[in-house]
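Quick look at start_15.txt (compact mmCIF, C-alpha atoms and all ligand atoms):
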```
# COMPACT_ATOMS: atom_id res chain seq x y z
CA MET A 1169 0.00 0.00 0.00
CA ALA A 1170 1.20 3.49 -0.92
CA SER A 1171 1.94 5.93 1.88
CA VAL A 1172 3.51 8.98 0.20
CA ILE A 1173 2.35 9.83 -3.33
CA SER A 1174 3.26 12.28 -6.07
CA VAL A 1175 0.32 13.14 -8.29
CA LEU A 1176 1.23 14.20 -11.82
CA GLY A 1177 -1.74 15.97 -13.41
CA SER A 1178 -3.38 16.60 -10.02
CA THR A 1179 -5.76 19.26 -11.39
CA GLY A 1180 -7.47 16.93 -13.89
CA SER A 1181 -10.34 14.48 -13.54
CA ILE A 1182 -8.19 11.57 -12.34
CA GLY A 1183 -5.88 13.87 -10.37
CA THR A 1184 -8.67 15.42 -8.29
CA GLN A 1185 -10.27 12.01 -7.65
CA THR A 1186 -6.86 10.69 -6.56
CA LEU A 1187 -6.70 13.49 -4.00
CA ASP A 1188 -10.22 12.50 -2.79
CA VAL A 1189 -8.83 9.03 -2.09
CA ALA A 1190 -5.68 10.48 -0.47
CA ARG A 1191 -7.82 12.73 1.74
CA MET A 1192 -10.05 9.84 2.80
CA HIS A 1193 -7.20 7.51 3.72
CA GLY A 1194 -4.69 10.02 5.01
CA LEU A 1195 -2.07 9.41 2.32
CA ARG A 1196 0.72 11.96 2.35
CA VAL A 1197 1.41 13.94 -0.83
CA SER A 1198 4.96 14.91 -1.79
CA ALA A 1199 4.45 16.54 -5.20
CA LEU A 1200 1.61 17.89 -7.34
CA THR A 1201 1.71 19.04 -10.95
CA ALA A 1202 -0.47 20.77 -13.55
CA ASN A 1203 -0.19 22.16 -17.04
CA SER A 1204 -1.52 25.66 -16.30
CA ASN A 1205 -4.43 25.52 -13.79
CA ILE A 1206 -2.58 27.26 -10.95
CA ARG A 1207 -5.75 28.33 -9.12
CA LEU A 1208 -6.66 24.75 -8.34
CA LEU A 1209 -3.04 23.71 -7.89
CA GLU A 1210 -2.57 26.41 -5.25
CA GLN A 1211 -5.66 25.21 -3.36
CA GLN A 1212 -4.42 21.62 -3.52
CA ALA A 1213 -0.95 22.66 -2.36
CA ARG A 1214 -2.38 24.52 0.63
CA GLU A 1215 -4.48 21.52 1.60
CA PHE A 1216 -1.94 18.71 1.09
CA HIS A 1217 1.37 20.54 1.85
CA PRO A 1218 3.55 18.79 -0.74
CA LYS A 1219 7.31 19.38 -0.74
CA MET A 1220 7.04 20.73 -4.29
CA VAL A 1221 4.65 21.59 -7.10
CA ALA A 1222 5.43 21.83 -10.82
CA VAL A 1223 3.65 23.65 -13.63
CA MET A 1224 4.39 23.09 -17.32
CA ASP A 1225 3.56 26.65 -18.34
CA MET A 1226 6.45 28.97 -17.41
CA GLY A 1227 4.33 32.11 -16.90
CA ALA A 1228 1.82 30.27 -14.71
CA ALA A 1229 4.67 28.77 -12.69
CA ALA A 1230 6.08 32.27 -12.01
CA GLN A 1231 2.65 33.43 -10.77
CA LEU A 1232 2.27 30.38 -8.55
CA LYS A 1233 5.70 31.00 -7.04
CA ILE A 1234 4.50 34.40 -5.88
CA ALA A 1235 1.17 33.00 -4.66
CA LEU A 1236 2.89 30.32 -2.57
CA SER A 1237 5.70 32.56 -1.29
CA ASP A 1238 4.26 32.46 2.25
CA THR A 1239 4.79 28.67 2.32
CA ASP A 1240 7.91 26.49 2.10
CA ILE A 1241 6.57 24.65 -0.97
CA GLU A 1242 9.04 24.74 -3.84
CA VAL A 1243 7.67 25.66 -7.28
CA PHE A 1244 9.25 24.18 -10.42
CA CYS A 1245 8.35 24.62 -14.07
CA GLY A 1246 8.44 22.95 -17.49
CA GLU A 1247 9.49 19.41 -18.28
CA ALA A 1248 12.31 19.60 -15.73
CA GLY A 1249 9.66 20.31 -13.09
CA MET A 1250 7.60 17.27 -14.14
CA ILE A 1251 10.72 15.13 -13.92
CA SER A 1252 11.56 16.44 -10.44
CA ALA A 1253 7.99 15.64 -9.31
CA ALA A 1254 8.20 12.12 -10.77
CA ALA A 1255 11.43 11.46 -8.89
CA GLU A 1256 10.64 13.35 -5.67
CA GLU A 1257 12.69 11.65 -3.01
CA SER A 1258 10.17 11.11 -0.23
CA CYS A 1259 7.38 9.53 -2.32
CA ASP A 1260 6.98 5.78 -2.78
CA THR A 1261 4.27 5.84 -5.47
CA VAL A 1262 3.76 8.12 -8.45
CA VAL A 1263 0.23 8.55 -9.78
CA ASN A 1264 0.50 9.50 -13.44
CA ALA A 1265 -2.74 11.29 -14.34
CA VAL A 1266 -1.29 13.49 -17.08
CA VAL A 1267 -3.14 13.39 -20.40
CA GLY A 1268 -1.32 12.40 -23.60
CA VAL A 1269 2.14 11.27 -24.53
CA ALA A 1270 3.50 14.11 -22.35
CA GLY A 1271 3.20 11.51 -19.57
CA LEU A 1272 5.79 9.15 -21.05
CA VAL A 1273 9.02 10.79 -19.85
CA PRO A 1274 7.67 11.31 -16.30
CA THR A 1275 6.60 7.63 -16.24
CA LEU A 1276 10.09 6.46 -17.23
CA THR A 1277 11.64 8.89 -14.75
CA ALA A 1278 9.51 7.55 -11.90
CA ILE A 1279 10.45 3.95 -12.74
CA GLN A 1280 14.15 4.80 -12.95
CA ALA A 1281 13.86 6.47 -9.53
CA GLY A 1282 12.45 3.19 -8.17
CA LYS A 1283 8.92 4.47 -7.53
CA HIS A 1284 5.85 2.27 -7.80
CA LEU A 1285 3.42 3.53 -10.41
CA ALA A 1286 -0.34 3.99 -10.40
CA LEU A 1287 -0.83 4.58 -14.10
CA ALA A 1288 -3.86 6.36 -15.56
CA ASN A 1289 -1.92 7.85 -18.47
CA LYS A 1290 -2.63 5.13 -21.05
CA GLU A 1291 -0.74 7.00 -23.81
CA THR A 1292 2.44 6.12 -21.87
CA LEU A 1293 1.91 2.43 -22.63
CA VAL A 1294 0.56 2.95 -26.13
CA ALA A 1295 3.59 4.94 -27.25
CA GLY A 1296 6.25 3.52 -24.97
CA GLY A 1297 4.98 0.12 -23.81
CA GLN A 1298 8.13 -1.73 -24.78
CA LEU A 1299 10.46 0.66 -22.92
CA VAL A 1300 8.15 1.00 -19.93
CA MET A 1301 7.60 -2.73 -19.38
CA ARG A 1302 11.34 -3.41 -19.76
CA ALA A 1303 12.17 -0.70 -17.21
CA VAL A 1304 9.49 -1.99 -14.79
CA LYS A 1305 11.09 -5.44 -14.93
CA GLU A 1306 14.65 -4.15 -14.58
CA LYS A 1307 13.85 -1.92 -11.61
CA GLY A 1308 11.49 -4.44 -9.97
CA ILE A 1309 8.81 -1.84 -9.27
CA SER A 1310 5.05 -2.46 -9.32
CA LEU A 1311 2.83 -0.98 -12.01
CA TYR A 1312 -0.81 -0.74 -10.92
CA PRO A 1313 -3.38 0.07 -13.62
CA VAL A 1314 -5.82 2.90 -12.87
CA ASP A 1315 -7.83 2.70 -16.10
CA SER A 1316 -11.08 1.05 -14.96
CA GLU A 1317 -10.98 -1.81 -17.50
CA HIS A 1318 -7.37 -2.67 -16.72
CA SER A 1319 -7.94 -2.41 -13.01
CA ALA A 1320 -10.89 -4.79 -13.48
CA ILE A 1321 -8.71 -7.32 -15.31
CA PHE A 1322 -5.98 -6.93 -12.68
CA GLN A 1323 -8.58 -7.58 -9.97
CA CYS A 1324 -10.05 -10.60 -11.83
CA LEU A 1325 -6.56 -12.07 -12.21
CA GLN A 1326 -5.89 -12.11 -8.46
CA GLY A 1327 -5.38 -15.72 -7.48
CA CYS A 1328 -5.42 -17.09 -11.07
CA PRO A 1329 -2.53 -19.31 -12.13
CA LYS A 1330 -0.22 -17.42 -14.54
CA ASP A 1331 -0.99 -19.55 -17.60
CA ALA A 1332 -4.76 -19.87 -17.01
CA LEU A 1333 -5.79 -16.77 -18.96
CA GLN A 1334 -7.38 -17.46 -22.36
CA LYS A 1335 -8.69 -14.04 -23.30
CA ILE A 1336 -9.54 -10.60 -22.00
CA ILE A 1337 -13.00 -9.13 -22.58
CA LEU A 1338 -12.68 -5.34 -22.46
CA THR A 1339 -16.01 -3.65 -22.00
CA ALA A 1340 -16.78 -0.34 -23.74
CA SER A 1341 -19.60 2.08 -23.05
CA GLY A 1342 -19.73 2.85 -26.78
CA GLY A 1343 -19.41 6.57 -26.01
CA THR A 1344 -21.91 9.28 -26.75
CA PHE A 1345 -22.54 8.33 -30.40
CA TYR A 1346 -23.20 4.60 -29.98
CA GLY A 1347 -25.70 3.34 -32.56
CA LYS A 1348 -25.26 6.29 -34.92
CA THR A 1349 -24.47 5.85 -38.63
CA LYS A 1350 -21.68 7.63 -40.53
CA ASP A 1351 -24.27 9.92 -42.13
CA GLU A 1352 -25.61 10.90 -38.72
CA LEU A 1353 -22.06 11.65 -37.51
CA GLU A 1354 -21.23 13.89 -40.47
CA ASN A 1355 -22.10 17.15 -38.70
CA VAL A 1356 -21.92 16.40 -34.97
CA ASN A 1357 -20.29 19.19 -32.99
CA VAL A 1358 -17.84 19.45 -30.10
CA ARG A 1359 -20.53 20.06 -27.50
CA GLN A 1360 -22.36 16.87 -28.49
CA ALA A 1361 -19.14 14.85 -28.59
CA LEU A 1362 -18.23 16.00 -25.07
CA GLN A 1363 -21.37 14.46 -23.53
CA HIS A 1364 -20.40 11.06 -22.16
CA PRO A 1365 -23.28 8.87 -20.97
CA ASN A 1366 -21.60 7.44 -17.83
CA TRP A 1367 -18.29 9.06 -16.93
CA GLU A 1368 -17.15 12.63 -16.11
CA MET A 1369 -13.70 12.83 -17.65
CA GLY A 1370 -11.24 15.23 -19.26
CA ALA A 1371 -12.03 16.51 -22.77
CA LYS A 1372 -9.47 14.42 -24.65
CA ILE A 1373 -10.56 11.03 -23.30
CA THR A 1374 -14.24 11.98 -23.72
CA ILE A 1375 -13.65 12.57 -27.44
CA ASP A 1376 -11.61 9.35 -27.57
CA SER A 1377 -14.62 7.53 -26.10
CA ALA A 1378 -16.92 9.03 -28.73
CA THR A 1379 -14.63 7.86 -31.57
CA MET A 1380 -13.86 4.51 -29.84
CA MET A 1381 -10.16 5.46 -30.09
CA ASN A 1382 -10.17 5.14 -26.31
CA LYS A 1383 -11.00 1.44 -26.61
CA GLY A 1384 -8.31 1.04 -29.28
CA LEU A 1385 -5.75 2.66 -26.98
CA GLU A 1386 -6.98 0.37 -24.20
CA VAL A 1387 -6.50 -2.75 -26.34
CA ILE A 1388 -2.85 -1.71 -26.78
CA GLU A 1389 -2.57 -0.81 -23.09
CA ALA A 1390 -3.95 -4.26 -22.14
CA SER A 1391 -1.56 -6.02 -24.50
CA TRP A 1392 1.40 -4.53 -22.59
CA LEU A 1393 0.00 -4.91 -19.10
CA PHE A 1394 -1.17 -8.50 -19.46
CA GLY A 1395 1.06 -9.85 -22.26
CA CYS A 1396 -1.84 -10.57 -24.65
CA SER A 1397 -1.98 -10.36 -28.45
CA ASP A 1398 -4.66 -8.53 -30.44
CA ARG A 1399 -6.54 -11.84 -30.94
CA GLU A 1400 -6.65 -12.49 -27.21
CA ILE A 1401 -8.43 -9.18 -26.45
CA GLU A 1402 -12.13 -8.97 -27.26
CA VAL A 1403 -14.08 -5.72 -27.08
CA LEU A 1404 -17.71 -5.86 -25.96
CA VAL A 1405 -20.04 -2.86 -25.92
CA HIS A 1406 -21.75 -2.66 -22.54
CA ARG A 1407 -23.67 0.61 -22.35
CA GLU A 1408 -24.17 0.70 -18.61
CA SER A 1409 -20.44 0.65 -17.60
CA ILE A 1410 -21.19 -1.62 -14.65
CA ILE A 1411 -19.04 -4.58 -15.69
CA HIS A 1412 -15.65 -2.92 -16.00
CA SER A 1413 -14.09 -5.87 -17.86
CA MET A 1414 -13.82 -9.66 -17.71
CA ILE A 1415 -11.35 -12.45 -18.19
CA GLN A 1416 -12.02 -15.84 -19.73
CA LEU A 1417 -9.90 -18.66 -18.39
CA LYS A 1418 -8.81 -21.89 -20.08
CA ASP A 1419 -11.68 -23.83 -18.51
CA HIS A 1420 -14.07 -21.22 -19.99
CA ALA A 1421 -14.92 -19.77 -16.62
CA VAL A 1422 -15.51 -16.04 -17.04
CA ILE A 1423 -14.67 -13.70 -14.16
CA ALA A 1424 -15.94 -10.12 -14.14
CA GLN A 1425 -15.42 -7.09 -11.91
CA LEU A 1426 -18.49 -4.91 -11.34
CA GLY A 1427 -19.14 -1.61 -9.63
CA VAL A 1428 -20.74 1.79 -10.14
CA PRO A 1429 -18.89 3.91 -12.71
CA ASP A 1430 -16.71 5.84 -10.25
CA MET A 1431 -12.99 6.11 -10.93
CA ARG A 1432 -12.23 6.39 -7.22
CA ILE A 1433 -12.65 2.60 -6.97
CA PRO A 1434 -9.82 1.70 -9.40
CA ILE A 1435 -7.70 4.66 -8.23
CA GLN A 1436 -7.99 3.48 -4.65
CA TYR A 1437 -7.19 -0.13 -5.49
CA ALA A 1438 -4.03 1.02 -7.30
CA LEU A 1439 -2.99 2.91 -4.17
CA THR A 1440 -4.02 0.43 -1.49
CA TYR A 1441 -3.29 -2.91 -3.22
CA PRO A 1442 -3.64 -5.56 -1.91
CA GLU A 1443 -5.82 -4.03 0.82
CA ARG A 1444 -9.55 -3.34 0.38
CA LEU A 1445 -10.52 -0.17 2.26
CA PRO A 1446 -13.86 1.68 2.51
CA SER A 1447 -14.57 3.79 -0.58
CA PRO A 1448 -16.33 7.13 -1.10
CA ALA A 1449 -17.99 5.52 -4.17
CA LYS A 1450 -21.60 4.30 -3.89
CA ALA A 1451 -22.39 0.59 -3.55
CA LEU A 1452 -23.78 -1.17 -6.60
CA ASP A 1453 -27.54 -1.88 -6.63
CA LEU A 1454 -28.13 -4.46 -9.36
CA SER A 1455 -31.85 -4.89 -8.72
CA ALA A 1456 -32.32 -1.14 -9.31
CA LEU A 1457 -30.57 -1.56 -12.67
CA GLY A 1458 -32.69 -4.55 -13.64
CA SER A 1459 -30.67 -5.65 -16.65
CA LEU A 1460 -27.30 -5.28 -18.32
CA THR A 1461 -26.85 -5.18 -22.10
CA PHE A 1462 -24.09 -6.28 -24.48
CA ASP A 1463 -23.37 -5.66 -28.15
CA LYS A 1464 -20.59 -5.99 -30.72
CA PRO A 1465 -18.67 -2.81 -31.60
CA ASP A 1466 -19.50 -1.21 -34.97
CA ASN A 1467 -16.05 -1.23 -36.56
CA ASP A 1468 -17.27 0.19 -39.89
CA THR A 1469 -18.55 3.43 -38.39
CA PHE A 1470 -16.02 3.75 -35.56
CA VAL A 1471 -12.80 3.02 -37.44
CA CYS A 1472 -10.38 4.04 -34.68
CA LEU A 1473 -10.76 0.74 -32.83
CA PRO A 1474 -9.78 -1.48 -35.82
CA LEU A 1475 -7.04 1.02 -36.70
CA CYS A 1476 -5.49 0.66 -33.25
CA ARG A 1477 -5.68 -3.10 -33.59
CA GLU A 1478 -3.83 -2.79 -36.92
CA ALA A 1479 -1.18 -0.61 -35.25
CA LEU A 1480 -0.80 -3.18 -32.47
CA ARG A 1481 -0.36 -6.04 -34.95
CA LYS A 1482 2.22 -4.07 -36.94
CA GLY A 1483 4.00 -3.24 -33.70
CA GLY A 1484 7.15 -1.13 -33.34
CA LEU A 1485 6.40 2.57 -33.68
CA TYR A 1486 2.96 2.14 -35.29
CA PRO A 1487 1.06 2.59 -32.00
CA THR A 1488 3.13 5.75 -31.31
CA VAL A 1489 2.14 7.11 -34.71
CA ALA A 1490 -1.55 6.23 -34.30
CA ASN A 1491 -1.57 7.91 -30.88
CA ALA A 1492 0.22 11.04 -32.09
CA ALA A 1493 -2.13 11.45 -35.06
CA ASN A 1494 -5.09 11.07 -32.72
CA GLU A 1495 -3.76 13.58 -30.17
CA ALA A 1496 -3.20 16.15 -32.93
CA ALA A 1497 -6.61 15.42 -34.50
CA VAL A 1498 -8.53 15.61 -31.21
CA ALA A 1499 -6.89 18.97 -30.40
CA MET A 1500 -7.94 20.26 -33.82
CA PHE A 1501 -11.48 18.90 -33.41
CA LEU A 1502 -11.76 20.65 -30.03
CA ARG A 1503 -10.66 23.90 -31.76
CA GLU A 1504 -13.35 23.22 -34.42
CA GLN A 1505 -10.77 22.99 -37.19
CA ILE A 1506 -11.82 19.54 -38.38
CA ARG A 1507 -15.01 17.46 -38.31
CA PHE A 1508 -15.65 14.53 -36.00
CA LEU A 1509 -15.25 11.89 -38.70
CA ASP A 1510 -11.92 13.42 -39.80
CA ILE A 1511 -10.34 12.07 -36.60
CA GLY A 1512 -10.58 8.48 -37.82
CA GLU A 1513 -9.48 9.50 -41.32
CA ILE A 1514 -6.39 11.21 -39.90
CA VAL A 1515 -5.43 8.22 -37.74
CA GLY A 1516 -5.91 5.93 -40.76
CA GLU A 1517 -3.80 8.17 -43.01
CA ALA A 1518 -0.99 8.31 -40.44
CA ILE A 1519 -0.86 4.53 -40.13
CA GLY A 1520 -1.16 4.07 -43.91
CA SER A 1521 1.66 6.46 -44.74
CA PHE A 1522 4.11 5.43 -42.02
CA GLY A 1523 6.87 3.40 -43.59
CA ASP A 1524 9.77 3.81 -41.23
CA ASN A 1525 8.96 1.12 -38.69
CA GLN A 1526 11.55 -0.19 -36.23
CA THR A 1527 11.22 -3.07 -33.82
CA ASP A 1528 14.09 -1.99 -31.61
CA PHE A 1529 13.94 1.67 -30.73
CA THR A 1530 14.83 4.24 -28.11
CA LEU A 1531 12.88 6.92 -26.27
CA GLU A 1532 14.30 9.46 -28.74
CA ASP A 1533 12.90 7.42 -31.67
CA ILE A 1534 9.46 7.42 -30.03
CA LEU A 1535 9.51 11.15 -29.35
CA ALA A 1536 10.72 11.84 -32.92
CA ALA A 1537 7.98 9.66 -34.49
CA ASP A 1538 5.43 11.43 -32.28
CA GLN A 1539 6.62 14.91 -33.31
CA ILE A 1540 6.90 14.12 -37.03
CA THR A 1541 3.39 12.64 -37.09
CA ARG A 1542 1.87 15.62 -35.27
CA LYS A 1543 3.61 18.08 -37.61
CA LYS A 1544 2.32 16.25 -40.70
CA VAL A 1545 -1.24 16.29 -39.38
CA GLU A 1546 -1.03 19.94 -38.35
CA GLN A 1547 0.48 20.99 -41.70
CA LYS A 1548 -2.28 19.24 -43.62
CA TYR A 1549 -5.32 20.17 -41.50
CA GLY A 1550 -4.23 22.93 -39.12
CA HIS A 1551 -5.38 25.78 -41.37
CA SER A 1552 -8.89 24.55 -42.01
CA SER A 1553 -11.87 25.76 -40.00
CA PHE A 1554 -15.62 25.09 -39.80
P1 LIG A 1601 -7.69 15.91 -17.68
O1 LIG A 1601 -7.61 16.66 -18.95
O2 LIG A 1601 -8.89 16.08 -16.82
O3 LIG A 1601 -6.39 16.23 -16.76
C1 LIG A 1601 -5.11 16.19 -17.29
C2 LIG A 1601 -4.10 16.64 -16.26
O4 LIG A 1601 -2.80 16.70 -16.89
C3 LIG A 1601 -4.35 18.04 -15.72
O5 LIG A 1601 -3.81 18.14 -14.43
C4 LIG A 1601 -3.57 18.92 -16.70
O6 LIG A 1601 -3.23 20.19 -16.14
C5 LIG A 1601 -2.34 18.07 -16.91
N1 LIG A 1601 -1.71 18.26 -18.23
C6 LIG A 1601 -2.32 18.49 -19.41
N2 LIG A 1601 -1.42 18.58 -20.40
C7 LIG A 1601 -0.20 18.44 -19.83
C8 LIG A 1601 1.14 18.46 -20.32
N3 LIG A 1601 1.40 18.65 -21.61
N4 LIG A 1601 2.14 18.26 -19.45
C9 LIG A 1601 1.90 18.06 -18.14
N5 LIG A 1601 0.66 18.05 -17.61
C10 LIG A 1601 -0.37 18.22 -18.45
O7 LIG A 1601 -7.48 14.36 -18.06
P2 LIG A 1601 -8.07 13.06 -17.33
O8 LIG A 1601 -7.86 13.16 -15.86
O9 LIG A 1601 -9.42 12.79 -17.85
O10 LIG A 1601 -7.12 11.93 -17.93
C11 LIG A 1601 -5.79 11.76 -17.52
C12 LIG A 1601 -5.27 10.43 -18.07
O11 LIG A 1601 -6.02 9.38 -17.46
C13 LIG A 1601 -5.46 10.28 -19.58
O12 LIG A 1601 -4.40 9.55 -20.10
C14 LIG A 1601 -6.74 9.45 -19.69
O13 LIG A 1601 -6.80 8.69 -20.87
C15 LIG A 1601 -6.63 8.56 -18.46
N6 LIG A 1601 -7.92 8.09 -17.94
C16 LIG A 1601 -8.86 8.98 -17.52
C17 LIG A 1601 -10.08 8.55 -17.02
C18 LIG A 1601 -11.08 9.52 -16.47
O14 LIG A 1601 -12.10 9.09 -15.93
N7 LIG A 1601 -10.86 10.81 -16.56
C19 LIG A 1601 -10.42 7.13 -16.99
C20 LIG A 1601 -9.33 6.27 -17.42
C21 LIG A 1601 -8.15 6.74 -17.88
P3 LIG A 1601 -4.24 21.47 -16.28
O15 LIG A 1601 -5.40 21.17 -15.37
O16 LIG A 1601 -3.42 22.61 -15.81
O17 LIG A 1601 -4.62 21.55 -17.71
MG MG A 1602 -10.99 3.03 -19.50
```
Could the structure of this file be written out as structure tokens, please?
Amino acid sequence: MASVISVLGSTGSIGTQTLDVARMHGLRVSALTANSNIRLLEQQAREFHPKMVAVMDMGAAAQLKIALSDTDIEVFCGEAGMISAAAEESCDTVVNAVVGVAGLVPTLTAIQAGKHLALANKETLVAGGQLVMRAVKEKGISLYPVDSEHSAIFQCLQGCPKDALQKIILTASGGTFYGKTKDELENVNVRQALQHPNWEMGAKITIDSATMMNKGLEVIEASWLFGCSDREIEVLVHRESIIHSMIQLKDHAVIAQLGVPDMRIPIQYALTYPERLPSPAKALDLSALGSLTFDKPDNDTFVCLPLCREALRKGGLYPTVANAANEAAVAMFLREQIRFLDIGEIVGEAIGSFGDNQTDFTLEDILAADQITRKKVEQKYGHSSF
């Protein structure tokens, strides 16, 4: 069980819920970080008294330094600040709740510093799974999944013999546009895409849920965490988000983990493993729900899921490229520069035009492939507007 945590991305949806769990169980906090939301970061710093805080944005960091000058909390900025927070001496567990591939270097830093990891930042594993899993093994640290599906699988696997797993069944809510046709999606807007049926999350992952890219990223994330191939990971649409995922074992027993859709359950398990402590989340009332439904994903309309599977099968830097194209496309969609369906097109184009694959690569290769892909997408689509 964690006792002193650093929370990277503490001002976001996962970050704030992590601090709810920390507050409830009296975990100490040694570092907090944000991109630019210094108002909330200051409040958090005053409540949790970390040794340090870090802000990516230089100007915001300078303002926060002044705001916190009556305290002994150190204020750092930029990537160096994120790295200091990830390696902060007194913490034993780093919660990575940063959004996007920006979380990769802090993840690797935390592992190198010998910290255990509670990982929400799935882009870390999508882009850098090979390096991350190698480093985890070398340093002998524990990596606890925070993503609800992966936490569910991790929970289902407790007590199972290592070679008993036959397949993973990842559940998907289907996002806000489940059941819609391509024609119906032609003109959907940002406001509509940001309405998730079950979860309150950051903007990027909410759009990823609407395109089903989120499930594609999660297939890749699961492949690294649990050593499964694309064929061993099934995706099942389950609108209610009550079954968070399942495993099928060799004897065809299926084990599922259920609960209300509240991220504080998986966050807490990642921080208190193997203990089970009281949770601020509500208890599940199945009789009130009455029934649970299941469906196959529509891979013709929501192309991001099969595209991520293709990237996973191709391996090497393909998942990095798919992720980078998606990050750039989602940012442009949120700025209303492209249409909703363009996101899938852009991810498909990036995978289709990437020819420089490598099976053995370094962090620098990953960061370069990420940057080149983003630039290409931005050059082609960054000037359009709707
Ligand atoms: P949010 O957008 O709500 O929060 C992101 C956090 O990261 C904020 O603290 C933000 O700071 C900070 N941040 C943003 N950009 C950067 C950057 N370039 N460098 C450093 N810090 C940055 O995201 P979520 O909490 O929704 O998601 C975080 C991660 O967890 C994602 O990878 C997501 O896929 C994953 N996840 C989220 C779930 C959820 O329920 N939200 C569920 C499962 C997984 P600021 O506030 O200043 O912008
Ligand atoms: Mg998830």
(request) Would you kindly return, as number ranges by chain, each protein, DNA or RNA residue with an atom no farther than 12 Å from any atom of Gly1180 of chain A, considering all atoms listed in the file and excluding same-chain residues fewer than 3 positions away? (result) A: 1175-1177, 1183-1187, 1200-1206, 1208-1209, 1212, 1264-1267, 1288-1289, 1368-1373
List the spatial neighbours of Ala1278 of chain A as a short mmCIF file (atom, residue, chain, number, x, y, z; two decimals) with C-alpha atoms, in the frame of the given file - criterion: any atom at most 12 Å away, only C-alpha atoms, same-chain residues fewer than 6 positions off excluded.
```cif
data_model
loop_
_atom_site.label_atom_id
_atom_site.label_comp_id
_atom_site.auth_asym_id
_atom_site.auth_seq_id
_atom_site.Cartn_x
_atom_site.Cartn_y
_atom_site.Cartn_z
CA ILE A 1173 2.35 9.83 -3.33
CA SER A 1174 3.26 12.28 -6.07
CA VAL A 1175 0.32 13.14 -8.29
CA LEU A 1176 1.23 14.20 -11.82
CA MET A 1250 7.60 17.27 -14.14
CA ILE A 1251 10.72 15.13 -13.92
CA SER A 1252 11.56 16.44 -10.44
CA ALA A 1253 7.99 15.64 -9.31
CA ALA A 1254 8.20 12.12 -10.77
CA ALA A 1255 11.43 11.46 -8.89
CA GLU A 1256 10.64 13.35 -5.67
CA GLU A 1257 12.69 11.65 -3.01
CA CYS A 1259 7.38 9.53 -2.32
CA ASP A 1260 6.98 5.78 -2.78
CA THR A 1261 4.27 5.84 -5.47
CA VAL A 1262 3.76 8.12 -8.45
CA VAL A 1263 0.23 8.55 -9.78
CA ASN A 1264 0.50 9.50 -13.44
CA GLY A 1271 3.20 11.51 -19.57
CA LEU A 1272 5.79 9.15 -21.05
CA HIS A 1284 5.85 2.27 -7.80
CA LEU A 1285 3.42 3.53 -10.41
CA ALA A 1286 -0.34 3.99 -10.40
CA LEU A 1287 -0.83 4.58 -14.10
CA VAL A 1300 8.15 1.00 -19.93
CA ALA A 1303 12.17 -0.70 -17.21
CA VAL A 1304 9.49 -1.99 -14.79
CA LYS A 1307 13.85 -1.92 -11.61
CA ILE A 1309 8.81 -1.84 -9.27
CA SER A 1310 5.05 -2.46 -9.32
CA LEU A 1311 2.83 -0.98 -12.01
#
```
Shell of 7 Å around ligand MG 1602 (chain A) (all atoms listed in the file), written as a compact mmCIF listing (two decimals) with C-alpha atoms, in the coordinates of the input:
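Output contents, as saved in selection-v8.txt:
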```txt
# COMPACT_ATOMS: atom_id res chain seq x y z
CA ASP A 1315 -7.83 2.70 -16.10
CA SER A 1316 -11.08 1.05 -14.96
CA GLU A 1317 -10.98 -1.81 -17.50
CA GLU A 1386 -6.98 0.37 -24.20
```
(request) Point out the residue among A:Pro1446, A:Pro1429, A:Pro1365, A:Gly1483 with the least atom-to-atom distance to ligand LIG 1601 (chain A), counting only C-alpha atoms and all ligand atoms. (result)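 Nearest to ligand LIG 1601 (chain A): A:Pro1429.
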(request) Dig up all the protein and nucleic acid residues within 12 Å of (3.3, -1.9, -40.4) in the file frame, using all atoms listed in the file, and format them as JSON, numbers by chain. (result) {"A": [1475, 1476, 1477, 1478, 1479, 1480, 1481, 1482, 1483, 1484, 1485, 1486, 1487, 1488, 1489, 1490, 1518, 1519, 1520, 1521, 1522, 1523, 1524, 1525, 1526, 1527]}
(request) Extract, using all atoms listed in the file, all DNA, RNA and protein residues at most 10 Å from Ile1401 of chain A, discarding same-chain residues fewer than 2 positions from it, and format them as JSON, numbers by chain. (result) {"A": [1334, 1335, 1336, 1337, 1338, 1386, 1387, 1388, 1390, 1391, 1396, 1397, 1398, 1399, 1403, 1404, 1415, 1477]}
(message) I'd like to know which of A:Glu1400, A:Asp1528, A:Glu1546, A:Glu1495 is closest to ligand LIG 1601 (chain A), using only C-alpha atoms and all ligand atoms.
(response)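 Counting only C-alpha atoms and all ligand atoms, the residue closest to ligand LIG 1601 (chain A) is A:Glu1495.
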(request) Using only C-alpha atoms, find the one residue out of A:Met1380, A:Thr1239, A:Leu1276, A:Leu1362 that sits nearest to Gln1298 of chain A. (result)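 Answer, going by the shortest atom-to-atom distance: A:Leu1276.
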How big is the axis-aligned box around the listed atoms of ligand LIG 1601 (chain A) once 8 Å is added on each side, and where is its centre? Give both in Å to one decimal, as AutoDock Vina command-line options.
```
--center_x -5.0 --center_y 14.4 --center_z -18.0 --size_x 30.2 --size_y 32.3 --size_z 23.2
```
(request) State, in Å with one decimal place, the distance from atom CA of Met1301 of chain A to atom CA of Asp1430 of chain A. (result)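 According to the coordinates, atom CA of Met1301 of chain A and atom CA of Asp1430 of chain A are separated by 27.3 Å.
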(request) List the neighbours of Thr1344 of chain A out to 10 Å using all atoms listed in the file; skip same-chain residues closer than 5 positions along the sequence, and give me the result as a ChimeraX atom specification. (result) /A:1360-1366,1374-1375,1377-1380,1407
(request) Choose the residue, out of A:Gly1282, A:Pro1313, A:Gly1297, A:Gly1395, that has the smallest atom-to-atom separation from ligand LIG 1601 (chain A); count only C-alpha atoms and all ligand atoms. (result) A:Pro1313
